[in-house]
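Undergrad: Dropping the structure in here first, questions after.
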Amino acid sequence: IARVFRLPVLLRSDAAAFAVFVLGFCLAVWGERTFVRAGTELMPASATNSKLVTNGPFRYTRNPMYSGLLLVTLAVAFYFGTWPFYAAVVLLFVVIQTVFIPFEEAKMERQYGAAFREYRSRIRRWGIV
C-alpha cells in the first residue's frame, strides 16, 4: 500500500517493532493465562464471570489484554512506519477506551459491586497512565 500510494515513512524500526511486539504479546498472554488459571471466562460479553481476577498482570493494570493488543498494534506501526498504521493505534485506543472498557467495567460493577469499586480505586485502567 505504501508503494502504491507513496506514503512517507514517519518512524520505522525493526528493533522497536520486535521489542514492543514481544512485550505486548507476553502481556496479553499473561492476562489470558491468569484468567484460565482462575477458571473464569475470557469473553467480556458473557452473562457473568466466575471470578474477579486481581492477581498476575491485573495487579498493575485493569486491562492487560487490551494493553497487549495496543502494543502489538504499535509494533506493526513501527514495522511499517507509515501514518495509517499509527492512526490505527490511535483509533483502536479510542474504541477500546470509549466502547469496550466502559461496557466491561459497568458489567463488573453490577456483578461484583464494592469489590470491583475497591479494585478500580487501587489499580489504574492502563497501568502507569
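Residues in the C-alpha cells are named by chain (A, B, ... in the order shown) and by number from 1 within that chain; ligands are numbered from 1 in the order shown.
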Can you build me a table of region 5-74 of chain A residues sitting at most 9 Å from region 87-108 of chain A, with the closest atom pair per residue and its distance in Å to one decimal, using only C-alpha atoms, sorted by chain and residue number, as a Markdown table?
TA:
```
| residue | atom | partner | partner_atom | distance |
| --- | --- | --- | --- | --- |
| A:Pro44 | CA | A:Glu104 | CA | 6.3 |
| A:Ala45 | CA | A:Glu104 | CA | 7.7 |
| A:Ala47 | CA | A:Lys107 | CA | 8.8 |
| A:Thr48 | CA | A:Lys107 | CA | 8.3 |
| A:Asn49 | CA | A:Met108 | CA | 8.3 |
| A:Leu52 | CA | A:Met108 | CA | 8.0 |
| A:Asn63 | CA | A:Ile101 | CA | 8.4 |
| A:Tyr66 | CA | A:Ile96 | CA | 7.5 |
| A:Leu70 | CA | A:Val89 | CA | 6.5 |
| A:Leu71 | CA | A:Val89 | CA | 8.5 |
| A:Thr73 | CA | A:Val89 | CA | 5.9 |
| A:Leu74 | CA | A:Val89 | CA | 6.0 |
```
Undergrad: Identify, on the basis of only C-alpha atoms, every residue whose closest approach to Ala75 (chain A) does not exceed 12 Å; exclude the query and any residue fewer than 6 positions from it along the same chain; express the result as a ChimeraX atom specification.
TA: /A:11-25,68-69,81,85-86,88-89
Undergrad: Would you mind exporting all heavy atoms of the selected residues as a compact mmCIF listing (two decimals), in the first residue's frame?
TA:
```
# COMPACT_ATOMS: atom_id res chain seq x y z
N LEU A 11 8.23 6.90 11.05
CA LEU A 11 9.16 6.31 12.01
C LEU A 11 9.09 4.81 11.82
O LEU A 11 8.05 4.21 12.00
CB LEU A 11 8.78 6.68 13.45
CG LEU A 11 9.60 6.02 14.56
CD1 LEU A 11 11.06 6.45 14.48
CD2 LEU A 11 9.02 6.36 15.91
N ARG A 12 10.21 4.24 11.43
CA ARG A 12 10.26 2.81 11.19
C ARG A 12 11.46 2.23 11.92
O ARG A 12 12.56 2.77 11.83
CB ARG A 12 10.38 2.52 9.69
CG ARG A 12 10.29 1.05 9.38
CD ARG A 12 10.48 0.77 7.90
NE ARG A 12 10.35 -0.63 7.63
CZ ARG A 12 11.14 -1.60 8.10
NH1 ARG A 12 12.13 -1.30 8.90
NH2 ARG A 12 10.94 -2.85 7.78
N SER A 13 11.21 1.13 12.66
CA SER A 13 12.29 0.50 13.39
C SER A 13 11.97 -0.97 13.61
O SER A 13 11.01 -1.30 14.31
CB SER A 13 12.48 1.19 14.75
OG SER A 13 13.38 0.43 15.54
N ASP A 14 12.78 -1.83 13.00
CA ASP A 14 12.60 -3.27 13.20
C ASP A 14 12.85 -3.65 14.65
O ASP A 14 12.13 -4.47 15.23
CB ASP A 14 13.54 -4.08 12.29
CG ASP A 14 13.16 -4.00 10.83
OD1 ASP A 14 12.00 -3.63 10.53
OD2 ASP A 14 14.02 -4.31 9.98
N ALA A 15 13.87 -3.06 15.26
CA ALA A 15 14.20 -3.38 16.65
C ALA A 15 13.06 -2.98 17.59
O ALA A 15 12.66 -3.76 18.47
CB ALA A 15 15.50 -2.71 17.06
N ALA A 16 12.54 -1.78 17.42
CA ALA A 16 11.42 -1.33 18.26
C ALA A 16 10.19 -2.19 18.00
O ALA A 16 9.48 -2.56 18.94
CB ALA A 16 11.11 0.14 18.00
N ALA A 17 9.94 -2.51 16.74
CA ALA A 17 8.80 -3.36 16.40
C ALA A 17 8.90 -4.70 17.11
O ALA A 17 7.93 -5.18 17.71
CB ALA A 17 8.70 -3.55 14.89
N PHE A 18 10.07 -5.31 17.06
CA PHE A 18 10.27 -6.61 17.69
C PHE A 18 10.08 -6.52 19.21
O PHE A 18 9.35 -7.31 19.82
CB PHE A 18 11.65 -7.17 17.36
CG PHE A 18 11.93 -8.49 18.02
CD1 PHE A 18 11.36 -9.65 17.52
CD2 PHE A 18 12.75 -8.56 19.13
CE1 PHE A 18 11.59 -10.88 18.14
CE2 PHE A 18 12.99 -9.77 19.76
CZ PHE A 18 12.42 -10.94 19.25
N ALA A 19 10.73 -5.54 19.84
CA ALA A 19 10.67 -5.40 21.30
C ALA A 19 9.24 -5.12 21.77
O ALA A 19 8.76 -5.73 22.74
CB ALA A 19 11.62 -4.29 21.75
N VAL A 20 8.56 -4.20 21.11
CA VAL A 20 7.20 -3.84 21.51
C VAL A 20 6.25 -5.01 21.24
O VAL A 20 5.34 -5.28 22.04
CB VAL A 20 6.75 -2.54 20.80
CG1 VAL A 20 5.28 -2.25 21.04
CG2 VAL A 20 7.61 -1.38 21.27
N PHE A 21 6.46 -5.72 20.15
CA PHE A 21 5.63 -6.89 19.85
C PHE A 21 5.77 -7.95 20.95
O PHE A 21 4.78 -8.46 21.47
CB PHE A 21 5.99 -7.51 18.50
CG PHE A 21 5.20 -8.76 18.21
CD1 PHE A 21 3.94 -8.67 17.63
CD2 PHE A 21 5.69 -10.00 18.54
CE1 PHE A 21 3.19 -9.81 17.39
CE2 PHE A 21 4.95 -11.16 18.30
CZ PHE A 21 3.70 -11.06 17.73
N VAL A 22 7.00 -8.27 21.31
CA VAL A 22 7.24 -9.29 22.34
C VAL A 22 6.60 -8.85 23.66
O VAL A 22 5.91 -9.64 24.33
CB VAL A 22 8.74 -9.58 22.50
CG1 VAL A 22 9.01 -10.42 23.74
CG2 VAL A 22 9.28 -10.27 21.25
N LEU A 23 6.79 -7.59 24.04
CA LEU A 23 6.20 -7.07 25.27
C LEU A 23 4.67 -7.18 25.24
O LEU A 23 4.05 -7.68 26.19
CB LEU A 23 6.63 -5.62 25.50
CG LEU A 23 6.06 -4.94 26.74
CD1 LEU A 23 6.54 -5.62 28.02
CD2 LEU A 23 6.45 -3.47 26.74
N GLY A 24 4.07 -6.72 24.16
CA GLY A 24 2.61 -6.75 24.05
C GLY A 24 2.06 -8.16 24.02
O GLY A 24 1.07 -8.47 24.69
N PHE A 25 2.70 -9.03 23.26
CA PHE A 25 2.25 -10.42 23.16
C PHE A 25 2.34 -11.10 24.53
O PHE A 25 1.40 -11.76 24.98
CB PHE A 25 3.09 -11.17 22.12
CG PHE A 25 2.66 -12.59 21.93
CD1 PHE A 25 1.56 -12.90 21.15
CD2 PHE A 25 3.36 -13.62 22.54
CE1 PHE A 25 1.16 -14.21 20.97
CE2 PHE A 25 2.97 -14.93 22.37
CZ PHE A 25 1.87 -15.24 21.58
N GLY A 68 -1.86 -5.22 25.83
CA GLY A 68 -1.06 -6.06 24.94
C GLY A 68 -1.46 -5.90 23.49
O GLY A 68 -0.61 -5.79 22.60
N LEU A 69 -2.76 -5.85 23.23
CA LEU A 69 -3.24 -5.66 21.86
C LEU A 69 -2.77 -4.32 21.30
O LEU A 69 -2.33 -4.24 20.14
CB LEU A 69 -4.77 -5.74 21.83
CG LEU A 69 -5.45 -5.44 20.50
CD1 LEU A 69 -5.03 -6.45 19.43
CD2 LEU A 69 -6.96 -5.42 20.67
N GLY A 81 5.87 1.80 9.58
CA GLY A 81 6.32 3.17 9.71
C GLY A 81 5.51 4.26 9.04
O GLY A 81 5.90 5.41 9.08
N PHE A 85 -0.79 3.19 9.82
CA PHE A 85 -0.58 2.22 10.89
C PHE A 85 -0.56 2.89 12.26
O PHE A 85 -1.07 2.33 13.24
CB PHE A 85 0.70 1.42 10.64
CG PHE A 85 0.57 0.49 9.48
CD1 PHE A 85 1.07 0.84 8.24
CD2 PHE A 85 -0.07 -0.73 9.62
CE1 PHE A 85 0.94 -0.01 7.16
CE2 PHE A 85 -0.21 -1.60 8.55
CZ PHE A 85 0.29 -1.24 7.31
N TYR A 86 0.01 4.09 12.34
CA TYR A 86 -0.04 4.83 13.60
C TYR A 86 -1.46 5.31 13.90
O TYR A 86 -1.89 5.31 15.05
CB TYR A 86 0.94 6.00 13.58
CG TYR A 86 2.38 5.54 13.67
CD1 TYR A 86 3.20 5.51 12.55
CD2 TYR A 86 2.90 5.10 14.88
CE1 TYR A 86 4.50 5.07 12.63
CE2 TYR A 86 4.21 4.66 14.97
CZ TYR A 86 5.00 4.64 13.83
OH TYR A 86 6.30 4.19 13.92
N ALA A 88 -4.10 3.69 13.12
CA ALA A 88 -4.81 2.50 13.59
C ALA A 88 -4.63 2.32 15.09
O ALA A 88 -5.57 1.92 15.80
CB ALA A 88 -4.35 1.27 12.84
N VAL A 89 -3.45 2.61 15.60
CA VAL A 89 -3.19 2.50 17.04
C VAL A 89 -4.09 3.48 17.79
O VAL A 89 -4.73 3.12 18.79
CB VAL A 89 -1.71 2.77 17.37
CG1 VAL A 89 -1.47 2.75 18.88
CG2 VAL A 89 -0.80 1.77 16.67
```
Undergrad: Run DSSP on the backbone and grab whatever in chain A lands in alpha helix (DSSP H); send it over as an NGL selection string.
TA: :A and (2-5 or 14-38 or 64-80 or 83-95 or 101-112 or 114-122)
Undergrad: Have a look at CA of Pro8 (chain A) and CA of Val72 (chain A) and let me know their distance in Å, one decimal.
TA: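 CA of Pro8 (chain A) sits 21.6 Å away from CA of Val72 (chain A).
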Undergrad: Report the distance between CA of Phe116 (chain A) and CA of Phe58 (chain A) in Å, rounded to one decimal place.
TA: 12.3 Å
Undergrad: Go through A:Thr82, A:Ser121, A:Asn55, A:Gln111 one by one, measure the shortest atom-to-atom distance of each to Trp30 (chain A) using only C-alpha atoms, and give the residue with the smallest value.
TA: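 Checking each of A:Thr82, A:Ser121, A:Asn55, A:Gln111 against Trp30 (chain A), counting only C-alpha atoms, the winner is A:Asn55.
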Undergrad: Calculate how many Å separate CA of Leu27 (chain A) from CA of Tyr60 (chain A), rounding to one decimal.
TA: 11.0 Å
Undergrad: Between A:Gly31, A:Val76, A:Thr54, A:Pro64, single out the one closest to Glu118 (chain A), counting only C-alpha atoms.
TA: A:Thr54
Undergrad: Return the single residue from A:Leu10, A:Met65, A:Ala77, A:Val36 that is closest to Arg125 (chain A), with distances computed using only C-alpha atoms.
TA: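 Between A:Leu10, A:Met65, A:Ala77, A:Val36, the residue approaching Arg125 (chain A) most closely is A:Met65.
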Undergrad: From the options A:Cys26, A:Arg110, A:Thr61, A:Gly56, which residue's atoms come nearest to Ala38 (chain A), counting only C-alpha atoms?
TA: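 Distance minimum relative to Ala38 (chain A) lands on A:Gly56.
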Undergrad: Given only C-alpha atoms as the basis, pick out the residue of A:Arg124, A:Arg6, A:Glu109, A:Thr34 nearest to Pro57 (chain A).
TA: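 Looking only at the distances to Pro57 (chain A), the closest residue turns out to be A:Thr34.
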Undergrad: When distances are computed from only C-alpha atoms, which of A:Arg33, A:Glu41, A:Ser67, A:Tyr79 shows the smallest separation from Gly127 (chain A)?
TA: A:Ser67
